[in-house]
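File shown: target_22.tsv (TSV, C-alpha atoms and all ligand atoms).
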```tsv
chain	number	residue	atom	x	y	z
A	1	MET	CA	-12.83	-9.69	12.44
A	2	LYS	CA	-10.14	-9.71	9.77
A	3	THR	CA	-9.82	-6.83	7.35
A	4	ILE	CA	-9.78	-7.59	3.62
A	5	PHE	CA	-6.02	-7.02	3.66
A	6	GLU	CA	-5.49	-9.53	6.48
A	7	LYS	CA	-7.42	-12.05	4.36
A	8	ILE	CA	-5.03	-11.30	1.48
A	9	ILE	CA	-2.03	-11.69	3.83
A	10	ASP	CA	-3.44	-15.05	5.00
A	11	ARG	CA	-4.11	-16.16	1.38
A	12	GLU	CA	-7.84	-16.40	2.01
A	13	ILE	CA	-8.39	-13.94	-0.87
A	14	PRO	CA	-6.25	-14.09	-4.02
A	15	SER	CA	-4.14	-11.13	-5.10
A	16	THR	CA	-1.25	-10.38	-7.39
A	17	ILE	CA	1.66	-10.05	-5.00
A	18	GLU	CA	4.58	-7.89	-6.14
A	19	TYR	CA	6.67	-8.06	-2.96
A	20	GLU	CA	6.58	-9.80	0.40
A	21	ASP	CA	8.82	-10.20	3.42
A	22	GLU	CA	8.23	-10.98	7.08
A	23	SER	CA	6.65	-7.61	7.88
A	24	VAL	CA	5.34	-6.15	4.58
A	25	ILE	CA	3.25	-7.29	1.63
A	26	ALA	CA	2.62	-5.37	-1.61
A	27	PHE	CA	-0.05	-6.42	-4.10
A	28	ARG	CA	-1.90	-4.96	-7.09
A	29	ASP	CA	-5.00	-2.88	-6.31
A	30	VAL	CA	-8.13	-4.63	-7.57
A	31	THR	CA	-9.45	-1.30	-8.96
A	32	PRO	CA	-6.35	0.35	-10.41
A	33	GLN	CA	-6.32	4.14	-10.71
A	34	ALA	CA	-3.16	4.13	-12.83
A	35	PRO	CA	-1.38	1.59	-15.05
A	36	ILE	CA	0.64	0.64	-11.98
A	37	HIS	CA	-1.34	0.70	-8.73
A	38	ILE	CA	0.07	-1.34	-5.87
A	39	LEU	CA	-0.89	-1.34	-2.19
A	40	ILE	CA	1.97	-1.54	0.30
A	41	VAL	CA	0.65	-3.00	3.53
A	42	PRO	CA	2.19	-3.82	6.92
A	43	LYS	CA	1.40	-7.34	8.09
A	44	LYS	CA	0.85	-5.89	11.57
A	45	ARG	CA	-2.71	-4.67	11.95
A	46	ILE	CA	-2.64	-0.89	12.24
A	47	SER	CA	-5.90	0.71	11.17
A	48	SER	CA	-4.52	4.07	10.00
A	49	ILE	CA	-1.77	6.63	10.52
A	50	ASN	CA	-3.84	7.89	13.46
A	51	GLU	CA	-3.20	4.63	15.32
A	52	CYS	CA	0.57	4.50	14.72
A	53	LYS	CA	2.73	4.44	17.83
A	54	ALA	CA	6.41	5.10	18.47
A	55	GLU	CA	6.99	1.33	18.35
A	56	ASP	CA	5.77	1.38	14.72
A	57	VAL	CA	8.58	3.62	13.47
A	58	ALA	CA	10.51	0.69	12.00
A	59	ILE	CA	7.57	-0.74	10.09
A	60	LEU	CA	6.66	2.71	8.75
A	61	GLY	CA	10.18	2.98	7.39
A	62	GLU	CA	9.89	-0.51	5.87
A	63	LEU	CA	6.80	0.59	3.95
A	64	LEU	CA	8.69	3.47	2.32
A	65	LEU	CA	11.69	1.28	1.54
A	66	THR	CA	9.30	-1.19	-0.10
A	67	ALA	CA	8.16	1.63	-2.41
A	68	LYS	CA	11.76	2.17	-3.42
A	69	LYS	CA	12.23	-1.56	-4.08
A	70	LEU	CA	9.06	-1.70	-6.19
A	71	ALA	CA	10.13	1.31	-8.24
A	72	LYS	CA	13.44	-0.33	-8.99
A	73	LYS	CA	11.87	-3.72	-9.74
A	74	LEU	CA	9.33	-2.17	-12.13
A	75	LYS	CA	11.96	0.14	-13.62
A	76	ILE	CA	10.03	3.33	-12.90
A	77	ASP	CA	12.44	4.85	-10.38
A	78	ASP	CA	13.55	7.35	-13.05
A	79	ASN	CA	10.09	8.21	-14.42
A	80	GLY	CA	8.60	8.57	-10.97
A	81	TYR	CA	5.62	7.52	-8.92
A	82	ARG	CA	3.27	8.82	-6.26
A	83	LEU	CA	2.71	7.49	-2.75
A	84	VAL	CA	-0.65	8.21	-1.12
A	85	VAL	CA	-1.93	7.38	2.36
A	86	ASN	CA	-5.64	8.07	2.70
A	87	THR	CA	-6.53	8.64	6.33
A	88	GLY	CA	-10.10	8.89	7.53
A	89	LYS	CA	-13.41	9.86	6.00
A	90	ASP	CA	-12.48	13.10	4.22
A	91	ALA	CA	-9.56	11.39	2.47
A	92	GLY	CA	-11.79	8.52	1.37
A	93	GLN	CA	-10.15	5.73	3.35
A	94	THR	CA	-12.24	2.59	2.83
A	95	VAL	CA	-10.01	-0.18	4.21
A	96	PHE	CA	-9.00	0.40	7.82
A	97	HIS	CA	-5.70	-1.41	7.63
A	98	LEU	CA	-2.83	1.01	6.98
A	99	HIS	CA	-1.64	1.03	3.37
A	100	ILE	CA	0.33	3.14	0.95
A	101	HIS	CA	-1.02	3.50	-2.59
A	102	PHE	CA	1.88	3.25	-5.07
A	103	LEU	CA	0.75	4.90	-8.31
A	104	ALA	CA	2.71	5.14	-11.54
A	105	GLY	CA	2.70	4.66	-15.28
A	106	ARG	CA	0.99	7.89	-16.33
A	107	ASP	CA	1.15	11.64	-15.69
A	108	LEU	CA	-0.34	12.12	-12.24
A	109	ASN	CA	-2.29	15.34	-11.82
A	110	TRP	CA	-1.41	17.85	-9.13
A	111	PRO	CA	-3.18	18.91	-7.00
A	112	PRO	CA	-4.91	15.55	-6.58
A	113	GLY	CA	-8.70	15.53	-6.43
B	201	LIG	P1	-8.43	3.31	0.56
B	201	LIG	O1	-9.69	3.80	-0.11
B	201	LIG	O2	-8.76	2.72	1.92
B	201	LIG	O3	-7.33	4.32	0.60
B	201	LIG	O4	-7.89	2.15	-0.37
B	201	LIG	C1	-8.35	0.84	-0.33
B	201	LIG	C2	-7.95	0.21	-1.63
B	201	LIG	O5	-8.11	-1.19	-1.51
B	201	LIG	C3	-8.82	0.65	-2.83
B	201	LIG	O6	-8.00	1.26	-3.80
B	201	LIG	C4	-9.44	-0.65	-3.31
B	201	LIG	O7	-9.54	-0.73	-4.73
B	201	LIG	C5	-8.51	-1.70	-2.74
B	201	LIG	N1	-9.15	-2.97	-2.49
B	201	LIG	C6	-10.33	-3.18	-1.84
B	201	LIG	N2	-10.61	-4.49	-1.78
B	201	LIG	C7	-9.59	-5.13	-2.41
B	201	LIG	C8	-9.32	-6.52	-2.67
B	201	LIG	O8	-10.07	-7.43	-2.31
B	201	LIG	N3	-8.17	-6.80	-3.34
B	201	LIG	C9	-7.30	-5.82	-3.75
B	201	LIG	N4	-6.22	-6.22	-4.41
B	201	LIG	N5	-7.53	-4.51	-3.53
B	201	LIG	C10	-8.66	-4.17	-2.86
```

Could you render the structure from this file as structure tokens?
Ligand code: 5GP
Amino acid sequence: MKTIFEKIIDREIPSTIEYEDESVIAFRDVTPQAPIHILIVPKKRISSINECKAEDVAILGELLLTAKKLAKKLKIDDNGYRLVVNTGKDAGQTVFHLHIHFLAGRDLNWPPG
């Protein structure tokens, strides 16, 4: 069965796409936790960091470089942003398709809740 993010990748569910290439897609979170809240998602199905393999090193790097591209595109590279990867139950992961939360546009508290 497809995850919700695979349905977004396949255009079965609409989303506001901010970036896309052959291996990565980035779209606005439907329930934003900050003025800018984008999910950076590999097109390859990887359920979480726990399932990453050595062969996934390149795609993991692509996800981080996508964050850099988004920051530049949205002109927040100077102000800053936070990248979050929830993994598993205690971290509150709800969609089991690896994703980075890209959060920006307000002061982000530390430590996070
Ligand atoms: P997690 O809790 O797994 O770290 O994050 C999953 C994120 O996916 C949540 O922030 C949630 O708001 C977002 N999300 C869930 N369903 C959809 C959807 O259908 N569209 C979009 N754009 N985001 C979604």

query: Which distance in Å separates CA of His37 (chain A) and CA of His101 (chain A), to one decimal?
result: 6.8 Å

- request: May I ask for the distance between CA of Lys44 (chain A) and CA of Ile8 (chain A), given in Å to one decimal place?
  value: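 Atom-to-atom, CA of Lys44 (chain A) to CA of Ile8 (chain A), that is 12.9 Å.
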
- prompt: Within 12 Å of ligand LIG 201 (chain B), counting all atoms listed in the file: which residues, as a PyMOL selection string?
  reply: chain A and resi 3-9+11-18+25-34+36-41+47-49+83-103

- prompt: How many Å separate CA of Leu108 (chain A) from CA of Ala71 (chain A)?
  reply: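 Atom-to-atom, CA of Leu108 (chain A) and CA of Ala71 (chain A) are spaced 15.6 Å apart.
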
Select, counting all atoms listed in the file, all protein, DNA and RNA residues no farther than 6 Å from (7.4, -4.3, -7.0) in file coordinates, and express the selection as a PDB file with C-alpha atoms, in the frame of the given file.
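Contents of out_38.pdb, freshly written:
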```pdb
ATOM      1  CA  GLU A  18       4.580  -7.890  -6.140  1.00  0.00           C
ATOM      2  CA  TYR A  19       6.670  -8.060  -2.960  1.00  0.00           C
ATOM      3  CA  LEU A  70       9.060  -1.700  -6.190  1.00  0.00           C
ATOM      4  CA  LYS A  73      11.870  -3.720  -9.740  1.00  0.00           C
ATOM      5  CA  LEU A  74       9.330  -2.170 -12.130  1.00  0.00           C
TER       6      LEU A  74
END
```

Please return region 41-71 of chain A, rebuilt to N, CA and C atoms, as an mmCIF file, in the frame of the given file.
```cif
data_model
loop_
_atom_site.group_PDB
_atom_site.id
_atom_site.type_symbol
_atom_site.label_atom_id
_atom_site.label_comp_id
_atom_site.auth_asym_id
_atom_site.auth_seq_id
_atom_site.Cartn_x
_atom_site.Cartn_y
_atom_site.Cartn_z
ATOM 1 N N VAL A 41 1.428 -2.762 2.310
ATOM 2 C CA VAL A 41 0.650 -3.000 3.530
ATOM 3 C C VAL A 41 1.532 -3.653 4.608
ATOM 4 N N PRO A 42 1.479 -3.122 5.834
ATOM 5 C CA PRO A 42 2.190 -3.820 6.920
ATOM 6 C C PRO A 42 1.411 -5.069 7.321
ATOM 7 N N LYS A 43 2.110 -6.146 7.643
ATOM 8 C CA LYS A 43 1.400 -7.340 8.090
ATOM 9 C C LYS A 43 0.786 -7.117 9.477
ATOM 10 N N LYS A 44 1.427 -6.258 10.265
ATOM 11 C CA LYS A 44 0.850 -5.890 11.570
ATOM 12 C C LYS A 44 -0.433 -5.091 11.323
ATOM 13 N N ARG A 45 -1.446 -5.391 12.111
ATOM 14 C CA ARG A 45 -2.710 -4.670 11.950
ATOM 15 C C ARG A 45 -2.618 -3.299 12.614
ATOM 16 N N ILE A 46 -2.601 -2.281 11.777
ATOM 17 C CA ILE A 46 -2.640 -0.890 12.240
ATOM 18 C C ILE A 46 -3.734 -0.261 11.390
ATOM 19 N N SER A 47 -4.758 0.325 12.002
ATOM 20 C CA SER A 47 -5.900 0.710 11.170
ATOM 21 C C SER A 47 -5.644 1.955 10.328
ATOM 22 N N SER A 48 -4.830 2.882 10.810
ATOM 23 C CA SER A 48 -4.520 4.070 10.000
ATOM 24 C C SER A 48 -3.314 4.776 10.623
ATOM 25 N N ILE A 49 -2.870 5.828 9.955
ATOM 26 C CA ILE A 49 -1.770 6.630 10.520
ATOM 27 C C ILE A 49 -2.128 7.115 11.925
ATOM 28 N N ASN A 50 -3.415 7.390 12.144
ATOM 29 C CA ASN A 50 -3.840 7.890 13.460
ATOM 30 C C ASN A 50 -3.519 6.922 14.596
ATOM 31 N N GLU A 51 -3.434 5.644 14.282
ATOM 32 C CA GLU A 51 -3.200 4.630 15.320
ATOM 33 C C GLU A 51 -1.734 4.247 15.454
ATOM 34 N N CYS A 52 -0.856 4.848 14.647
ATOM 35 C CA CYS A 52 0.570 4.500 14.720
ATOM 36 C C CYS A 52 1.165 4.943 16.049
ATOM 37 N N LYS A 53 2.059 4.114 16.571
ATOM 38 C CA LYS A 53 2.730 4.440 17.830
ATOM 39 C C LYS A 53 4.238 4.524 17.589
ATOM 40 N N ALA A 54 4.952 4.991 18.593
ATOM 41 C CA ALA A 54 6.410 5.100 18.470
ATOM 42 C C ALA A 54 7.024 3.757 18.103
ATOM 43 N N GLU A 55 6.443 2.678 18.624
ATOM 44 C CA GLU A 55 6.990 1.330 18.350
ATOM 45 C C GLU A 55 6.813 0.934 16.871
ATOM 46 N N ASP A 56 6.015 1.693 16.129
ATOM 47 C CA ASP A 56 5.770 1.380 14.720
ATOM 48 C C ASP A 56 6.730 2.106 13.760
ATOM 49 N N VAL A 57 7.664 2.858 14.315
ATOM 50 C CA VAL A 57 8.580 3.620 13.470
ATOM 51 C C VAL A 57 9.308 2.733 12.462
ATOM 52 N N ALA A 58 9.747 1.570 12.904
ATOM 53 C CA ALA A 58 10.510 0.690 12.000
ATOM 54 C C ALA A 58 9.630 0.200 10.851
ATOM 55 N N ILE A 59 8.435 -0.213 11.150
ATOM 56 C CA ILE A 59 7.570 -0.740 10.090
ATOM 57 C C ILE A 59 7.166 0.382 9.116
ATOM 58 N N LEU A 60 6.990 1.590 9.647
ATOM 59 C CA LEU A 60 6.660 2.710 8.750
ATOM 60 C C LEU A 60 7.812 2.962 7.774
ATOM 61 N N GLY A 61 9.019 2.848 8.268
ATOM 62 C CA GLY A 61 10.180 2.980 7.390
ATOM 63 C C GLY A 61 10.234 1.862 6.359
ATOM 64 N N GLU A 62 9.890 0.644 6.788
ATOM 65 C CA GLU A 62 9.890 -0.510 5.870
ATOM 66 C C GLU A 62 8.916 -0.279 4.713
ATOM 67 N N LEU A 63 7.793 0.342 5.015
ATOM 68 C CA LEU A 63 6.800 0.590 3.950
ATOM 69 C C LEU A 63 7.392 1.498 2.877
ATOM 70 N N LEU A 64 8.092 2.544 3.295
ATOM 71 C CA LEU A 64 8.690 3.470 2.320
ATOM 72 C C LEU A 64 9.827 2.796 1.556
ATOM 73 N N LEU A 65 10.608 1.989 2.242
ATOM 74 C CA LEU A 65 11.690 1.280 1.540
ATOM 75 C C LEU A 65 11.126 0.270 0.551
ATOM 76 N N THR A 66 9.955 -0.278 0.853
ATOM 77 C CA THR A 66 9.300 -1.190 -0.100
ATOM 78 C C THR A 66 8.918 -0.430 -1.363
ATOM 79 N N ALA A 67 8.469 0.808 -1.220
ATOM 80 C CA ALA A 67 8.160 1.630 -2.410
ATOM 81 C C ALA A 67 9.393 1.773 -3.281
ATOM 82 N N LYS A 68 10.511 2.038 -2.659
ATOM 83 C CA LYS A 68 11.760 2.170 -3.420
ATOM 84 C C LYS A 68 12.094 0.863 -4.143
ATOM 85 N N LYS A 69 11.941 -0.253 -3.455
ATOM 86 C CA LYS A 69 12.230 -1.560 -4.080
ATOM 87 C C LYS A 69 11.303 -1.815 -5.259
ATOM 88 N N LEU A 70 10.024 -1.486 -5.101
ATOM 89 C CA LEU A 70 9.060 -1.700 -6.190
ATOM 90 C C LEU A 70 9.430 -0.841 -7.402
ATOM 91 N N ALA A 71 9.786 0.400 -7.141
ATOM 92 C CA ALA A 71 10.130 1.310 -8.240
ATOM 93 C C ALA A 71 11.318 0.764 -9.027
#
```
